[in-house]
Amino acid sequence: MFDHVVFGVSDYAASKAFFLKALEPIGMAIVSEGPLGIELSADGQSSLCLFQTAEKPAHLHLAFRAENRQQVEAFHRAALEAGGKDNGAPGLRPAYSGRYYAAFVIDPDGHNVEVVYHEPED
């Protein structure tokens with residue numbers, strides 16, 4: 001498990017709005033915000049940190065664990081409402097495993113953001 005992930009974004013306000021709305025269904029919220037950027041966490045133990053950069057960020061694949069399939073679906077809806085682009089609707093991914101239920105969205109900087117649930121259907 002990671003402690004924190006930090007990456008630069010090209011439009012801080014747009015990325016902040018996107019991640020706050022898209023990750024709210026899995027409990028992510030602001031832990032701190034200041035001159036160095038924003039820190040989001042759901043459990044207070046691991047965090048996602050964003051900061052403004054003039055550099056073009058390399059594309060990332062960020063995957064977050066859900067507690068159930070409904071959170072995966074809520075993430076997908078919220079991320080699209082926040083301006084994300086669909087990169088894979090909620091559903092099983094049999095190529096990964098028979099229990100891999102995930103959704104994928106492209107964020108404002110082109111990062112592939114995923115929320116996944118690894119258990120059998122609720």
# chains A, B, ... in the order shown; residues from 1 in each chain; ligands from 1
>>> residues_around(residues="stretch 4-17 of chain A", least_positions_apart="3", cutoff="8 Å", atoms="only C-alpha atoms", output="VMD selection string")
chain A and resid 20 to 21 38 46 to 57 82 107 to 109
>>> write_last_selection(atoms="N, CA and C atoms", output="short mmCIF file (atom, residue, chain, number, x, y, z; two decimals), in the first residue's frame")
data_model
loop_
_atom_site.label_atom_id
_atom_site.label_comp_id
_atom_site.auth_asym_id
_atom_site.auth_seq_id
_atom_site.Cartn_x
_atom_site.Cartn_y
_atom_site.Cartn_z
N LEU A 20 -12.14 15.97 -6.66
CA LEU A 20 -13.06 16.06 -5.53
C LEU A 20 -14.40 15.42 -5.85
N LYS A 21 -14.95 15.72 -7.02
CA LYS A 21 -16.25 15.17 -7.40
C LYS A 21 -16.16 13.69 -7.75
N ILE A 38 -2.90 20.33 -3.05
CA ILE A 38 -4.00 19.74 -2.30
C ILE A 38 -3.68 18.28 -1.96
N SER A 46 -3.31 6.98 3.55
CA SER A 46 -2.71 7.15 2.24
C SER A 46 -3.39 8.34 1.57
N SER A 47 -2.63 9.04 0.75
CA SER A 47 -3.21 10.25 0.16
C SER A 47 -2.77 10.47 -1.28
N LEU A 48 -3.58 11.25 -1.96
CA LEU A 48 -3.33 11.68 -3.33
C LEU A 48 -3.09 13.18 -3.27
N CYS A 49 -1.96 13.63 -3.80
CA CYS A 49 -1.58 15.04 -3.72
C CYS A 49 -1.39 15.60 -5.13
N LEU A 50 -1.98 16.76 -5.38
CA LEU A 50 -1.89 17.42 -6.68
C LEU A 50 -1.27 18.79 -6.51
N PHE A 51 -0.46 19.19 -7.49
CA PHE A 51 0.09 20.53 -7.47
C PHE A 51 0.16 21.07 -8.89
N GLN A 52 0.10 22.38 -9.01
CA GLN A 52 0.19 23.06 -10.31
C GLN A 52 1.61 22.93 -10.85
N THR A 53 1.73 22.62 -12.14
CA THR A 53 3.04 22.58 -12.77
C THR A 53 2.95 23.14 -14.18
N ALA A 54 4.04 23.74 -14.62
CA ALA A 54 4.12 24.24 -15.99
C ALA A 54 4.54 23.12 -16.94
N GLU A 55 5.11 22.06 -16.39
CA GLU A 55 5.54 20.91 -17.20
C GLU A 55 4.33 20.11 -17.64
N LYS A 56 4.41 19.53 -18.81
CA LYS A 56 3.35 18.63 -19.26
C LYS A 56 3.53 17.31 -18.53
N PRO A 57 2.58 16.97 -17.66
CA PRO A 57 2.73 15.72 -16.89
C PRO A 57 2.64 14.48 -17.78
N ALA A 82 -18.15 15.53 -13.72
CA ALA A 82 -17.07 16.47 -13.42
C ALA A 82 -16.24 16.81 -14.65
N ASP A 107 -9.02 11.95 -16.93
CA ASP A 107 -9.13 13.23 -16.21
C ASP A 107 -8.70 14.40 -17.10
N PRO A 108 -8.73 15.64 -16.58
CA PRO A 108 -8.39 16.81 -17.41
C PRO A 108 -6.99 16.79 -18.02
N ASP A 109 -6.03 16.07 -17.41
CA ASP A 109 -4.67 16.00 -17.96
C ASP A 109 -4.42 14.74 -18.77
#
>>> select_by_dssp(residues="stretch 58-106 of chain A", states="strand (DSSP E)", output="JSON, numbers by chain")
{"A": [61, 62, 63, 64, 65, 85, 86, 87, 88, 89, 90, 91, 92, 101, 102, 103, 104, 105, 106]}
>>> residues_around(residues="A:Val72", least_positions_apart="5", cutoff="9 Å", atoms="only C-alpha atoms", output="list in words")
Pro25, Ile26, Arg65, Ala66, Glu67, Arg77, Pro90, Gly91, Tyr101, Ala102, Ala103, Glu114, Val115, Val116 and Tyr117 of chain A
>>> residues_around(residues="A:His111", least_positions_apart="5", cutoff="6 Å", atoms="only C-alpha atoms", output="list in words")
His59, Leu60, His61 and Ile106 of chain A
>>> decode(residues="stretch 72-104 of chain A", atoms="C-alpha atoms", output="short mmCIF file (atom, residue, chain, number, x, y, z; two decimals), in the first residue's frame")
data_model
loop_
_atom_site.label_atom_id
_atom_site.label_comp_id
_atom_site.auth_asym_id
_atom_site.auth_seq_id
_atom_site.Cartn_x
_atom_site.Cartn_y
_atom_site.Cartn_z
CA VAL A 72 -17.61 1.95 -8.82
CA GLU A 73 -20.81 3.02 -10.57
CA ALA A 74 -21.12 6.22 -8.49
CA PHE A 75 -17.49 7.11 -9.28
CA HIS A 76 -18.11 6.71 -13.02
CA ARG A 77 -21.22 8.93 -12.94
CA ALA A 78 -19.54 11.58 -10.79
CA ALA A 79 -16.36 11.60 -12.89
CA LEU A 80 -18.33 12.09 -16.11
CA GLU A 81 -20.38 14.86 -14.48
CA ALA A 82 -17.07 16.47 -13.42
CA GLY A 83 -15.91 16.60 -17.04
CA GLY A 84 -14.04 13.31 -17.30
CA LYS A 85 -14.11 11.28 -20.51
CA ASP A 86 -15.37 7.71 -20.42
CA ASN A 87 -12.58 5.16 -20.80
CA GLY A 88 -14.55 2.07 -19.75
CA ALA A 89 -18.02 1.89 -18.24
CA PRO A 90 -18.59 0.00 -14.97
CA GLY A 91 -18.48 -3.72 -15.49
CA LEU A 92 -16.61 -6.96 -15.04
CA ARG A 93 -13.22 -7.25 -16.70
CA PRO A 94 -12.92 -11.01 -17.34
CA ALA A 95 -9.52 -10.57 -18.94
CA TYR A 96 -8.23 -9.48 -15.50
CA SER A 97 -10.23 -11.90 -13.33
CA GLY A 98 -13.79 -13.10 -12.87
CA ARG A 99 -14.24 -10.70 -9.93
CA TYR A 100 -12.58 -7.51 -11.30
CA TYR A 101 -15.40 -4.94 -11.46
CA ALA A 102 -14.10 -1.53 -12.54
CA ALA A 103 -14.75 1.74 -14.35
CA PHE A 104 -12.23 4.02 -16.08
#
